[in-house]
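*Asks:* I have a structure I would like to understand better, so I am pasting it below and will then ask my questions one at a time.
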Amino acid sequence: MSELRAPRGTKDLLPPESQIWASIEGMLREIYKIYNYKEIRTPIFEDTALFIRGVGDTTDIVEKEMYTFNDKGGRSITLRPEGTASVVRSYIEHKLYGASQPLKFFYIGPMFRYERPQAGRYRQHHQTGIEVLGGDSPLIDAEVISLGLEILKNFKLTNWRLHLNSVGFPECRPAYTEKLITYLSDKSGLCEDCQKRYRRNPLRTLDCKSATCKEIIKDAPLLTNSLCIECHDHFQKLQEYLKIYGISYELDPFLVRGLDYYTRTAFEIKTKSSGSQNQIFGGGRYNGLAEQLGGPKSPGIGFGLGLERLFLALQEENSLEIPLAPLDVFVVTIGGDEVVAKGWEILYKLREANISADMDLLLRAPKGQMKAAGRNQAKYTVIIGEDELRANKLLLRDMDSGEEYTLDNNEIVKFVEELERGQEQ
RNA sequence: GUGAGUGUGGCGCAAUUGGUUAGCGCACCAGAUUGUGAUUCUGGGGGUCGUGGGUUCAAGUCCCAUCACUCACCCCA
């Protein structure tokens, strides 16, 4: 084995798997079109400062998971660990807040995090996501969530749960944080991590997985009870809108997301699949982010959906349809240079007529060419030998039935087209 | 960053308590079928057993290190 391999935590995408990915992306684009979301493509790397300021410097992503390096100009560059910060940066940079609001974007692309790989977790993974900027209406929150669920529905994924919470605003959250700190201050037995969180980012103690912390947190005051009237109202309306779409959800007062920019709505979708990385997508509202990045105050909300995890969940539910990529025609030549040249010419004509076609480029013996036709799942082979060449004829073989037809040279394109049409009906 | 497991031809596996030319299936190539595939039969190519060191008369098999993969913790998509 060569010592040169794909870097740890990355993966080559080979056929036929790559075809499945292409079809997944195609389906996503269709859904986005129906919901009137437009694609945004931002750079895969950004100034490191963007993520430190955007994602938050006490988050795990920034503290230990970023791919950061200096470029030759001495700039600190980071491969994007998530999608939102870049989109908001772009929104500010191009002064899109001046356009008709809200703006509805989607993206599909790779993200990078330096972590130990495991099932459903890679150093380069792929996300699709949406961001809606320039609006604070709970109707937007409802659309974002319903669009996410629409994706799962389209892929016929059924085994999941929506967790929903509101984490309030920088205006009403401090009051709650106070209460939480007071509550926790006389509790002992918090895990090591939570001791730190307690000081730096108390909310994060809420979703700690350690059993003892869970036990302590269970009776903690609830954030949802401390929301200001506006946040409370926003949260209620969102739930009403979700109900109209028949979306069922689970209120999860301990759901706080690991990124600092969230305000009000926060949500996660967890699949019930076996692996431990079962959070397939998550997101929330980030009304303070644009301002934090130096732009005007502009509300926004979005989600990120992990494509590798979607893929895993689909595999577990067995609802992955492998798109067949059969070839219409494979050209087989039996003879010398002249026959090969003729086959080469026929191949061109077929392709010009948008018929998918190939031939054996290794100039193998006829038997080898037929084998190659079989491997390529060719529906038909066009066989040309010395006899056909002399008579200006071709032999068309149906690879399923074994039937063969003798055709005039110039009949072939029309004949294949008719056969194709016949099959579709 | 922490812990556990695994590492043999392209893929999936095997090799008795360390014992002599490391096997099998699939795949690949060729022939049977000198103008034709997916079946069948026959034959063939391909492995310094992840890498480096050590123990031993002898190591795929034991020990150490290292790398990679897998799974889990942490966290996230």
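Ordering of the structure tokens sets the chain letters (A, B, ...); residue numbers start at 1 within each chain; ligands are numbered from 1 in the order shown.
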Can you list, as a PyMOL selection string, every protein, DNA or RNA residue that comes within 12 Å of range 95-104 of chain A when you count only C-alpha atoms (C1' of nucleotides), leaving out same-chain residues fewer than 2 positions away?
*Replies:* chain A and resi 32-33+35-40+87-93+106-107+129-137+139-140+143-144+147+290+294-302
*Asks:* I'd like the contact shell of Val62 in chain A - 7 Å cut-off, only C-alpha atoms (C1' of nucleotides), skipping same-chain residues fewer than 5 positions apart - returned as a ChimeraX atom specification.
*Replies:* /A:52,56-57
*Asks:* Please, which residues in chain A fall within 7 Å of chain B when counting only C-alpha atoms (C1' of nucleotides), and what is the closest atom pair and distance in Å to one decimal for each, ordered by chain then residue number, as a Markdown table?
*Replies:*
| residue | atom | partner | partner_atom | distance |
| --- | --- | --- | --- | --- |
| A:Asp60 | CA | B:C75 | C1' | 6.5 |
| A:Gln118 | CA | B:C71 | C1' | 7.0 |
| A:Gln127 | CA | B:A77 | C1' | 6.4 |
| A:Ile280 | CA | B:A77 | C1' | 6.2 |
| A:Phe281 | CA | B:A77 | C1' | 6.0 |
| A:Gly304 | CA | B:A77 | C1' | 6.4 |
| A:Leu305 | CA | B:A77 | C1' | 5.5 |
| A:Gly306 | CA | B:A77 | C1' | 3.8 |
| A:Ile334 | CA | B:G35 | C1' | 6.1 |
| A:Pro366 | CA | B:U36 | C1' | 6.6 |
| A:Lys367 | CA | B:U36 | C1' | 6.2 |
| A:Met370 | CA | B:G37 | C1' | 4.4 |
| A:Lys371 | CA | B:G37 | C1' | 4.5 |
| A:Ala373 | CA | B:G37 | C1' | 6.7 |
| A:Gly374 | CA | B:G37 | C1' | 5.3 |
| A:Gly385 | CA | B:G35 | C1' | 6.7 |
*Asks:* I need the chosen residues saved as a CSV table (one decimal), in the first residue's frame, with N, CA and C atoms.
*Replies:*
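So result-v1.csv came out as:
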chain,number,residue,atom,x,y,z
A,60,ASP,N,-15.9,25.1,21.7
A,60,ASP,CA,-15.0,24.0,21.4
A,60,ASP,C,-14.4,24.2,20.0
A,118,GLN,N,-14.8,9.6,13.9
A,118,GLN,CA,-15.6,8.4,14.2
A,118,GLN,C,-16.8,8.3,13.4
A,127,GLN,N,-21.9,19.9,4.6
A,127,GLN,CA,-23.1,20.4,5.1
A,127,GLN,C,-23.9,21.1,4.0
A,280,ILE,N,-28.6,15.1,13.3
A,280,ILE,CA,-28.5,15.2,11.8
A,280,ILE,C,-28.5,16.7,11.4
A,281,PHE,N,-29.3,17.5,12.0
A,281,PHE,CA,-29.1,18.9,11.8
A,281,PHE,C,-29.6,19.8,12.9
A,304,GLY,N,-27.8,24.1,9.8
A,304,GLY,CA,-26.8,23.3,9.1
A,304,GLY,C,-27.2,21.8,9.2
A,305,LEU,N,-27.1,21.1,8.1
A,305,LEU,CA,-27.4,19.7,8.0
A,305,LEU,C,-26.3,18.9,7.5
A,306,GLY,N,-25.9,17.9,8.3
A,306,GLY,CA,-24.7,17.1,7.9
A,306,GLY,C,-25.0,16.1,6.9
A,334,ILE,N,-14.9,-5.5,-34.4
A,334,ILE,CA,-14.3,-6.8,-34.6
A,334,ILE,C,-13.5,-6.7,-35.9
A,366,PRO,N,-12.7,-8.9,-29.1
A,366,PRO,CA,-14.1,-8.8,-29.1
A,366,PRO,C,-14.8,-9.3,-27.8
A,367,LYS,N,-14.3,-10.4,-27.3
A,367,LYS,CA,-14.9,-10.9,-26.1
A,367,LYS,C,-14.7,-10.0,-24.9
A,370,MET,N,-17.1,-7.1,-25.2
A,370,MET,CA,-18.4,-7.5,-24.8
A,370,MET,C,-18.5,-7.5,-23.3
A,371,LYS,N,-17.5,-8.0,-22.7
A,371,LYS,CA,-17.4,-8.0,-21.2
A,371,LYS,C,-17.5,-6.6,-20.7
A,373,ALA,N,-18.8,-4.1,-22.1
A,373,ALA,CA,-20.2,-3.6,-22.3
A,373,ALA,C,-21.1,-4.1,-21.2
A,374,GLY,N,-20.9,-5.3,-20.8
A,374,GLY,CA,-21.7,-5.9,-19.7
A,374,GLY,C,-21.4,-5.2,-18.4
A,385,GLY,N,-18.0,-5.3,-37.8
A,385,GLY,CA,-16.9,-6.1,-38.2
A,385,GLY,C,-16.6,-5.8,-39.6
*Asks:* Could you jot down the C1' of G46 in chain B to C1' of A27 in chain B separation for me, Å, one decimal place?
*Replies:*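 Spanning C1' of G46 in chain B to C1' of A27 in chain B is a straight-line distance of 11.9 Å.
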*Asks:* Leaving out Asp47 in chain A and any residue of its chain fewer than 5 positions from it, which residues lie within 8 Å of it when counting only C-alpha atoms (C1' of nucleotides), given as a PyMOL selection string?
*Replies:* chain A and resi 75-78
*Asks:* Export, as a short mmCIF file (atom, residue, chain, number, x, y, z; two decimals), in the first residue's frame, the selected residues with N, CA, C and O atoms.
*Replies:*
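This is the output file again.cif:
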data_model
loop_
_atom_site.label_atom_id
_atom_site.label_comp_id
_atom_site.auth_asym_id
_atom_site.auth_seq_id
_atom_site.Cartn_x
_atom_site.Cartn_y
_atom_site.Cartn_z
N ARG A 75 -1.03 36.14 6.83
CA ARG A 75 -2.40 36.25 7.34
C ARG A 75 -2.81 34.97 8.03
O ARG A 75 -2.45 33.89 7.56
N SER A 76 -3.55 35.08 9.09
CA SER A 76 -4.08 33.88 9.74
C SER A 76 -5.37 33.48 9.05
O SER A 76 -6.34 34.23 9.00
N ILE A 77 -5.34 32.28 8.51
CA ILE A 77 -6.44 31.77 7.68
C ILE A 77 -7.02 30.54 8.36
O ILE A 77 -6.29 29.77 8.96
N THR A 78 -8.33 30.37 8.26
CA THR A 78 -8.96 29.18 8.83
C THR A 78 -9.91 28.55 7.83
O THR A 78 -10.71 29.25 7.21
#
*Asks:* Please return as a ChimeraX atom specification: the residues of range 59-173 of chain A that backbone DSSP assigns to alpha helix (DSSP H).
*Replies:* /A:60-64,84-93,138-154,173
*Asks:* Within 12 Å of range 54-62 of chain B, counting only C-alpha atoms (C1' of nucleotides), which residues qualify if same-chain residues fewer than 3 places away don't, as a PyMOL selection string?
*Replies:* chain B and resi 7-8+14-20+22+47+49+65
*Asks:* Let's have the selection written as a JSON list (two decimals), in the first residue's frame, with N, CA and C atoms (P, O5', C5', C4', C3', O3' and C1' of nucleotides).
*Replies:*
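Saved result, selection14.json, follows:
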[["chain", "number", "residue", "atom", "x", "y", "z"],
["B", 7, "G", "P", -6.26, -7.93, 13.25],
["B", 7, "G", "O5'", -5.85, -6.81, 12.17],
["B", 7, "G", "C5'", -6.63, -6.65, 10.95],
["B", 7, "G", "C4'", -5.88, -5.67, 10.07],
["B", 7, "G", "C3'", -4.49, -6.18, 9.68],
["B", 7, "G", "O3'", -4.39, -6.72, 8.37],
["B", 7, "G", "C1'", -4.40, -3.97, 10.66],
["B", 8, "U", "P", -5.28, -6.46, 7.08],
["B", 8, "U", "O5'", -4.46, -7.31, 6.03],
["B", 8, "U", "C5'", -3.03, -7.14, 5.97],
["B", 8, "U", "C4'", -2.42, -8.45, 5.54],
["B", 8, "U", "C3'", -3.01, -9.07, 4.29],
["B", 8, "U", "O3'", -2.44, -8.48, 3.13],
["B", 8, "U", "C1'", -2.78, -10.72, 5.94],
["B", 14, "A", "P", -11.00, -14.47, 9.80],
["B", 14, "A", "O5'", -10.17, -15.69, 9.17],
["B", 14, "A", "C5'", -10.82, -16.93, 8.96],
["B", 14, "A", "C4'", -9.90, -17.98, 8.41],
["B", 14, "A", "C3'", -8.62, -18.31, 9.15],
["B", 14, "A", "O3'", -8.84, -19.02, 10.35],
["B", 14, "A", "C1'", -8.25, -18.40, 6.83],
["B", 15, "A", "P", -7.80, -18.95, 11.52],
["B", 15, "A", "O5'", -6.46, -19.56, 10.89],
["B", 15, "A", "C5'", -6.27, -20.97, 10.81],
["B", 15, "A", "C4'", -4.93, -21.26, 10.21],
["B", 15, "A", "C3'", -3.72, -20.76, 11.00],
["B", 15, "A", "O3'", -3.37, -21.62, 12.07],
["B", 15, "A", "C1'", -3.48, -20.16, 8.74],
["B", 16, "U", "P", -3.24, -20.92, 13.47],
["B", 16, "U", "O5'", -2.05, -21.56, 14.33],
["B", 16, "U", "C5'", -2.01, -22.97, 14.53],
["B", 16, "U", "C4'", -3.22, -23.39, 15.30],
["B", 16, "U", "C3'", -2.89, -24.10, 16.59],
["B", 16, "U", "O3'", -3.36, -23.24, 17.64],
["B", 16, "U", "C1'", -3.90, -25.62, 15.06],
["B", 17, "U", "P", -3.21, -23.42, 19.10],
["B", 17, "U", "O5'", -1.84, -22.63, 19.20],
["B", 17, "U", "C5'", -1.63, -21.79, 20.34],
["B", 17, "U", "C4'", -0.71, -22.47, 21.31],
["B", 17, "U", "C3'", 0.78, -22.38, 20.93],
["B", 17, "U", "O3'", 1.34, -21.13, 21.29],
["B", 17, "U", "C1'", 0.28, -24.60, 21.50],
["B", 18, "G", "P", 2.64, -20.62, 20.62],
["B", 18, "G", "O5'", 2.04, -20.21, 19.19],
["B", 18, "G", "C5'", 2.30, -20.98, 18.07],
["B", 18, "G", "C4'", 3.35, -20.26, 17.22],
["B", 18, "G", "C3'", 4.16, -21.19, 16.35],
["B", 18, "G", "O3'", 3.63, -21.07, 15.05],
["B", 18, "G", "C1'", 5.50, -19.52, 17.41],
["B", 19, "G", "P", 3.31, -22.39, 14.17],
["B", 19, "G", "O5'", 4.71, -22.79, 13.55],
["B", 19, "G", "C5'", 5.18, -22.24, 12.28],
["B", 19, "G", "C4'", 6.28, -23.12, 11.76],
["B", 19, "G", "C3'", 5.82, -24.54, 11.45],
["B", 19, "G", "O3'", 6.03, -24.83, 10.06],
["B", 19, "G", "C1'", 7.77, -24.52, 12.85],
["B", 20, "U", "P", 5.22, -24.20, 8.85],
["B", 20, "U", "O5'", 6.36, -24.15, 7.74],
["B", 20, "U", "C5'", 6.88, -22.86, 7.32],
["B", 20, "U", "C4'", 8.36, -23.05, 7.01],
["B", 20, "U", "C3'", 8.58, -23.59, 5.60],
["B", 20, "U", "O3'", 9.23, -22.53, 4.91],
["B", 20, "U", "C1'", 9.71, -24.92, 7.30],
["B", 22, "A", "P", 5.26, -19.12, 1.57],
["B", 22, "A", "O5'", 3.81, -19.78, 1.49],
["B", 22, "A", "C5'", 3.33, -20.59, 2.56],
["B", 22, "A", "C4'", 2.01, -20.04, 3.04],
["B", 22, "A", "C3'", 1.05, -19.64, 1.93],
["B", 22, "A", "O3'", 0.35, -20.78, 1.47],
["B", 22, "A", "C1'", 1.08, -17.97, 3.62],
["B", 47, "G", "P", 3.24, -9.80, -5.73],
["B", 47, "G", "O5'", 2.55, -9.89, -4.32],
["B", 47, "G", "C5'", 1.79, -8.78, -3.80],
["B", 47, "G", "C4'", 1.51, -9.02, -2.36],
["B", 47, "G", "C3'", 2.74, -9.25, -1.49],
["B", 47, "G", "O3'", 3.23, -8.01, -1.03],
["B", 47, "G", "C1'", 0.96, -10.72, -0.90],
["B", 49, "C", "P", 5.50, -9.06, 5.03],
["B", 49, "C", "O5'", 3.96, -8.73, 4.69],
["B", 49, "C", "C5'", 3.19, -7.81, 5.46],
["B", 49, "C", "C4'", 1.93, -8.52, 5.89],
["B", 49, "C", "C3'", 1.71, -8.50, 7.40],
["B", 49, "C", "O3'", 0.51, -7.74, 7.60],
["B", 49, "C", "C1'", 1.41, -10.68, 6.47],
["B", 65, "A", "P", 4.57, 0.53, 24.00],
["B", 65, "A", "O5'", 5.25, 1.28, 22.77],
["B", 65, "A", "C5'", 6.34, 2.18, 23.00],
["B", 65, "A", "C4'", 6.95, 2.58, 21.68],
["B", 65, "A", "C3'", 6.01, 3.29, 20.71],
["B", 65, "A", "O3'", 5.89, 4.67, 21.00],
["B", 65, "A", "C1'", 7.22, 1.61, 19.56]]
*Asks:* Quick one: residues within 9 Å of range 214-220 of chain A, only C-alpha atoms (C1' of nucleotides) counted, chain neighbours fewer than 6 positions away excluded, as a ChimeraX atom specification?
*Replies:* /A:179-180,183-184,187-190,205-208,254
*Asks:* How about saving the chosen residues, C-alpha atoms kept, as a compact mmCIF listing (two decimals), in the first residue's frame?
*Replies:*
# COMPACT_ATOMS: atom_id res chain seq x y z
CA LYS A 179 -30.64 32.49 38.69
CA LEU A 180 -28.77 29.53 37.28
CA TYR A 183 -28.83 27.61 41.87
CA LEU A 184 -25.57 25.93 40.98
CA LYS A 187 -24.43 22.31 44.49
CA SER A 188 -21.48 19.98 44.67
CA GLY A 189 -20.61 17.14 42.34
CA LEU A 190 -20.52 19.03 39.05
CA THR A 205 -24.01 23.20 31.97
CA LEU A 206 -27.61 22.61 30.90
CA ASP A 207 -26.79 20.07 28.21
CA CYS A 208 -24.03 18.25 30.04
CA PHE A 254 -31.97 22.06 28.33
